[in-house]
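Report on the following structure.
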Amino acid sequence: MLDDSLAYETKIKKIGASKLRINFVLSKYCKSKDSILQSKKNIHDSRIKEMFLNRY
């Protein structure tokens, strides 16, 4: 999905923008004002961020 020739910072920005777009579409589809996608740090490696769906 992301070009391998891109810089690390550019990849992070693109992933963040994709997360916002996905969250917007999911919120609109579910007719919710709350955030659908949530993120947290991995319990084994704090450098890894995990994305999951918010449970109501």
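In the structure tokens, each chain is lettered A, B, ... as it comes, each chain's residues begin at 1, and ligands are numbered from 1 in order of appearance.
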field: DSSP strand (DSSP E) residues within range 19-55 of chain A, listed as a PyMOL selection string
entry: chain A and resi 37-41+49-53
Export, as a PDB file, in the first residue's frame, the selected residues with N, CA, C and O atoms.
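Just written: again.pdb:
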```pdb
ATOM      1  N   LEU A  37     -12.496   3.615  15.603  1.00  0.00           N
ATOM      2  CA  LEU A  37     -11.165   3.024  15.716  1.00  0.00           C
ATOM      3  C   LEU A  37     -10.477   3.535  16.973  1.00  0.00           C
ATOM      4  O   LEU A  37     -10.494   4.719  17.263  1.00  0.00           O
ATOM      5  N   GLN A  38      -9.868   2.647  17.702  1.00  0.00           N
ATOM      6  CA  GLN A  38      -9.106   2.988  18.887  1.00  0.00           C
ATOM      7  C   GLN A  38      -7.685   2.461  18.702  1.00  0.00           C
ATOM      8  O   GLN A  38      -7.445   1.540  17.930  1.00  0.00           O
ATOM      9  N   SER A  39      -6.754   3.033  19.422  1.00  0.00           N
ATOM     10  CA  SER A  39      -5.378   2.560  19.345  1.00  0.00           C
ATOM     11  C   SER A  39      -4.796   2.462  20.744  1.00  0.00           C
ATOM     12  O   SER A  39      -5.214   3.175  21.664  1.00  0.00           O
ATOM     13  N   LYS A  40      -3.864   1.542  20.890  1.00  0.00           N
ATOM     14  CA  LYS A  40      -3.145   1.397  22.151  1.00  0.00           C
ATOM     15  C   LYS A  40      -1.780   0.815  21.853  1.00  0.00           C
ATOM     16  O   LYS A  40      -1.543   0.255  20.772  1.00  0.00           O
ATOM     17  N   LYS A  41      -0.880   0.941  22.794  1.00  0.00           N
ATOM     18  CA  LYS A  41       0.454   0.375  22.627  1.00  0.00           C
ATOM     19  C   LYS A  41       0.420  -1.113  22.953  1.00  0.00           C
ATOM     20  O   LYS A  41      -0.329  -1.554  23.816  1.00  0.00           O
ATOM     21  N   LYS A  49       1.987   0.054  17.827  1.00  0.00           N
ATOM     22  CA  LYS A  49       0.661   0.585  18.137  1.00  0.00           C
ATOM     23  C   LYS A  49      -0.374  -0.335  17.504  1.00  0.00           C
ATOM     24  O   LYS A  49      -0.282  -0.665  16.329  1.00  0.00           O
ATOM     25  N   GLU A  50      -1.337  -0.772  18.297  1.00  0.00           N
ATOM     26  CA  GLU A  50      -2.382  -1.677  17.823  1.00  0.00           C
ATOM     27  C   GLU A  50      -3.658  -0.886  17.568  1.00  0.00           C
ATOM     28  O   GLU A  50      -4.035  -0.030  18.370  1.00  0.00           O
ATOM     29  N   MET A  51      -4.338  -1.203  16.486  1.00  0.00           N
ATOM     30  CA  MET A  51      -5.610  -0.581  16.157  1.00  0.00           C
ATOM     31  C   MET A  51      -6.706  -1.614  16.375  1.00  0.00           C
ATOM     32  O   MET A  51      -6.539  -2.784  16.045  1.00  0.00           O
ATOM     33  N   PHE A  52      -7.826  -1.181  16.961  1.00  0.00           N
ATOM     34  CA  PHE A  52      -8.949  -2.084  17.191  1.00  0.00           C
ATOM     35  C   PHE A  52     -10.235  -1.295  17.130  1.00  0.00           C
ATOM     36  O   PHE A  52     -10.231  -0.065  17.211  1.00  0.00           O
ATOM     37  N   LEU A  53     -11.336  -2.012  16.992  1.00  0.00           N
ATOM     38  CA  LEU A  53     -12.652  -1.380  16.946  1.00  0.00           C
ATOM     39  C   LEU A  53     -13.153  -1.129  18.353  1.00  0.00           C
ATOM     40  O   LEU A  53     -12.999  -1.984  19.234  1.00  0.00           O
TER      41      LEU A  53
END
```
Within 12 Å of range 24-33 of chain A, counting only C-alpha atoms, which residues qualify if same-chain residues fewer than 6 places away don't, as a PDB file with N, CA and C atoms, in the first residue's frame?
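And here's selection.pdb as it stands now:
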```
ATOM      1  N   ALA A  17      -3.281   9.634   8.263  1.00  0.00           N
ATOM      2  CA  ALA A  17      -4.359  10.157   7.422  1.00  0.00           C
ATOM      3  C   ALA A  17      -5.325   9.044   7.038  1.00  0.00           C
ATOM      4  N   SER A  18      -4.809   7.860   6.759  1.00  0.00           N
ATOM      5  CA  SER A  18      -5.664   6.718   6.419  1.00  0.00           C
ATOM      6  C   SER A  18      -6.529   6.330   7.603  1.00  0.00           C
ATOM      7  N   LEU A  53     -11.336  -2.012  16.992  1.00  0.00           N
ATOM      8  CA  LEU A  53     -12.652  -1.380  16.946  1.00  0.00           C
ATOM      9  C   LEU A  53     -13.153  -1.129  18.353  1.00  0.00           C
ATOM     10  N   ASN A  54     -13.742   0.020  18.567  1.00  0.00           N
ATOM     11  CA  ASN A  54     -14.291   0.387  19.852  1.00  0.00           C
ATOM     12  C   ASN A  54     -15.543  -0.455  20.120  1.00  0.00           C
ATOM     13  N   TYR A  56     -18.961  -0.911  22.179  1.00  0.00           N
ATOM     14  CA  TYR A  56     -19.925  -0.064  22.881  1.00  0.00           C
ATOM     15  C   TYR A  56     -20.520  -0.784  24.038  1.00  0.00           C
TER      16      TYR A  56
END
```
query: So which bits of chain A end up alpha helix (DSSP H) when you DSSP the backbone, as a PyMOL selection string?
result: chain A and resi 8-30
Can I get the selected residues back with N, CA, C and O atoms, as a PDB file, in the first residue's frame?
```
ATOM      1  N   TYR A   8      10.416   7.494   6.432  1.00  0.00           N
ATOM      2  CA  TYR A   8       9.672   6.973   7.582  1.00  0.00           C
ATOM      3  C   TYR A   8       8.589   7.951   8.029  1.00  0.00           C
ATOM      4  O   TYR A   8       7.452   7.557   8.288  1.00  0.00           O
ATOM      5  N   GLU A   9       8.939   9.228   8.139  1.00  0.00           N
ATOM      6  CA  GLU A   9       7.983  10.243   8.589  1.00  0.00           C
ATOM      7  C   GLU A   9       6.806  10.358   7.634  1.00  0.00           C
ATOM      8  O   GLU A   9       5.665  10.537   8.055  1.00  0.00           O
ATOM      9  N   THR A  10       7.062  10.255   6.335  1.00  0.00           N
ATOM     10  CA  THR A  10       5.999  10.326   5.335  1.00  0.00           C
ATOM     11  C   THR A  10       5.057   9.141   5.469  1.00  0.00           C
ATOM     12  O   THR A  10       3.832   9.289   5.374  1.00  0.00           O
ATOM     13  N   LYS A  11       5.607   7.968   5.712  1.00  0.00           N
ATOM     14  CA  LYS A  11       4.776   6.777   5.914  1.00  0.00           C
ATOM     15  C   LYS A  11       3.886   6.935   7.142  1.00  0.00           C
ATOM     16  O   LYS A  11       2.708   6.599   7.104  1.00  0.00           O
ATOM     17  N   ILE A  12       4.438   7.469   8.226  1.00  0.00           N
ATOM     18  CA  ILE A  12       3.668   7.682   9.448  1.00  0.00           C
ATOM     19  C   ILE A  12       2.524   8.657   9.188  1.00  0.00           C
ATOM     20  O   ILE A  12       1.386   8.443   9.631  1.00  0.00           O
ATOM     21  N   LYS A  13       2.784   9.738   8.448  1.00  0.00           N
ATOM     22  CA  LYS A  13       1.744  10.712   8.121  1.00  0.00           C
ATOM     23  C   LYS A  13       0.652  10.090   7.271  1.00  0.00           C
ATOM     24  O   LYS A  13      -0.538  10.325   7.485  1.00  0.00           O
ATOM     25  N   LYS A  14       1.030   9.260   6.287  1.00  0.00           N
ATOM     26  CA  LYS A  14       0.042   8.612   5.427  1.00  0.00           C
ATOM     27  C   LYS A  14      -0.802   7.611   6.206  1.00  0.00           C
ATOM     28  O   LYS A  14      -2.007   7.503   5.985  1.00  0.00           O
ATOM     29  N   ILE A  15      -0.189   6.883   7.111  1.00  0.00           N
ATOM     30  CA  ILE A  15      -0.935   5.933   7.943  1.00  0.00           C
ATOM     31  C   ILE A  15      -1.910   6.683   8.847  1.00  0.00           C
ATOM     32  O   ILE A  15      -3.063   6.273   9.013  1.00  0.00           O
ATOM     33  N   GLY A  16      -1.480   7.795   9.419  1.00  0.00           N
ATOM     34  CA  GLY A  16      -2.360   8.605  10.263  1.00  0.00           C
ATOM     35  C   GLY A  16      -3.539   9.162   9.490  1.00  0.00           C
ATOM     36  O   GLY A  16      -4.678   9.148   9.963  1.00  0.00           O
ATOM     37  N   ALA A  17      -3.281   9.634   8.263  1.00  0.00           N
ATOM     38  CA  ALA A  17      -4.359  10.157   7.422  1.00  0.00           C
ATOM     39  C   ALA A  17      -5.325   9.044   7.038  1.00  0.00           C
ATOM     40  O   ALA A  17      -6.546   9.252   7.028  1.00  0.00           O
ATOM     41  N   SER A  18      -4.809   7.860   6.759  1.00  0.00           N
ATOM     42  CA  SER A  18      -5.664   6.718   6.419  1.00  0.00           C
ATOM     43  C   SER A  18      -6.529   6.330   7.603  1.00  0.00           C
ATOM     44  O   SER A  18      -7.713   6.031   7.453  1.00  0.00           O
ATOM     45  N   LYS A  19      -5.947   6.358   8.803  1.00  0.00           N
ATOM     46  CA  LYS A  19      -6.710   6.036  10.016  1.00  0.00           C
ATOM     47  C   LYS A  19      -7.870   7.014  10.197  1.00  0.00           C
ATOM     48  O   LYS A  19      -8.990   6.608  10.508  1.00  0.00           O
ATOM     49  N   LEU A  20      -7.613   8.295   9.976  1.00  0.00           N
ATOM     50  CA  LEU A  20      -8.671   9.298  10.112  1.00  0.00           C
ATOM     51  C   LEU A  20      -9.783   9.090   9.094  1.00  0.00           C
ATOM     52  O   LEU A  20     -10.970   9.187   9.423  1.00  0.00           O
ATOM     53  N   ARG A  21      -9.410   8.777   7.844  1.00  0.00           N
ATOM     54  CA  ARG A  21     -10.421   8.551   6.802  1.00  0.00           C
ATOM     55  C   ARG A  21     -11.248   7.312   7.101  1.00  0.00           C
ATOM     56  O   ARG A  21     -12.474   7.319   6.960  1.00  0.00           O
ATOM     57  N   ILE A  22     -10.602   6.229   7.518  1.00  0.00           N
ATOM     58  CA  ILE A  22     -11.325   4.992   7.846  1.00  0.00           C
ATOM     59  C   ILE A  22     -12.260   5.231   9.012  1.00  0.00           C
ATOM     60  O   ILE A  22     -13.417   4.803   8.997  1.00  0.00           O
ATOM     61  N   ASN A  23     -11.787   5.935  10.032  1.00  0.00           N
ATOM     62  CA  ASN A  23     -12.612   6.230  11.193  1.00  0.00           C
ATOM     63  C   ASN A  23     -13.813   7.097  10.800  1.00  0.00           C
ATOM     64  O   ASN A  23     -14.926   6.868  11.269  1.00  0.00           O
ATOM     65  N   PHE A  24     -13.620   8.067   9.912  1.00  0.00           N
ATOM     66  CA  PHE A  24     -14.708   8.927   9.453  1.00  0.00           C
ATOM     67  C   PHE A  24     -15.775   8.109   8.728  1.00  0.00           C
ATOM     68  O   PHE A  24     -16.971   8.249   8.989  1.00  0.00           O
ATOM     69  N   VAL A  25     -15.347   7.219   7.826  1.00  0.00           N
ATOM     70  CA  VAL A  25     -16.290   6.395   7.068  1.00  0.00           C
ATOM     71  C   VAL A  25     -17.049   5.454   7.997  1.00  0.00           C
ATOM     72  O   VAL A  25     -18.267   5.306   7.887  1.00  0.00           O
ATOM     73  N   LEU A  26     -16.345   4.822   8.927  1.00  0.00           N
ATOM     74  CA  LEU A  26     -17.009   3.912   9.869  1.00  0.00           C
ATOM     75  C   LEU A  26     -17.992   4.657  10.761  1.00  0.00           C
ATOM     76  O   LEU A  26     -19.095   4.172  11.023  1.00  0.00           O
ATOM     77  N   SER A  27     -17.617   5.829  11.236  1.00  0.00           N
ATOM     78  CA  SER A  27     -18.513   6.617  12.084  1.00  0.00           C
ATOM     79  C   SER A  27     -19.760   7.034  11.320  1.00  0.00           C
ATOM     80  O   SER A  27     -20.870   7.011  11.856  1.00  0.00           O
ATOM     81  N   LYS A  28     -19.573   7.425  10.068  1.00  0.00           N
ATOM     82  CA  LYS A  28     -20.709   7.829   9.243  1.00  0.00           C
ATOM     83  C   LYS A  28     -21.620   6.637   8.964  1.00  0.00           C
ATOM     84  O   LYS A  28     -22.842   6.739   9.043  1.00  0.00           O
ATOM     85  N   TYR A  29     -21.037   5.477   8.657  1.00  0.00           N
ATOM     86  CA  TYR A  29     -21.810   4.276   8.362  1.00  0.00           C
ATOM     87  C   TYR A  29     -22.591   3.809   9.594  1.00  0.00           C
ATOM     88  O   TYR A  29     -23.746   3.420   9.489  1.00  0.00           O
ATOM     89  N   CYS A  30     -21.952   3.879  10.761  1.00  0.00           N
ATOM     90  CA  CYS A  30     -22.599   3.431  12.003  1.00  0.00           C
ATOM     91  C   CYS A  30     -23.451   4.523  12.634  1.00  0.00           C
ATOM     92  O   CYS A  30     -24.072   4.287  13.669  1.00  0.00           O
TER      93      CYS A  30
END
```
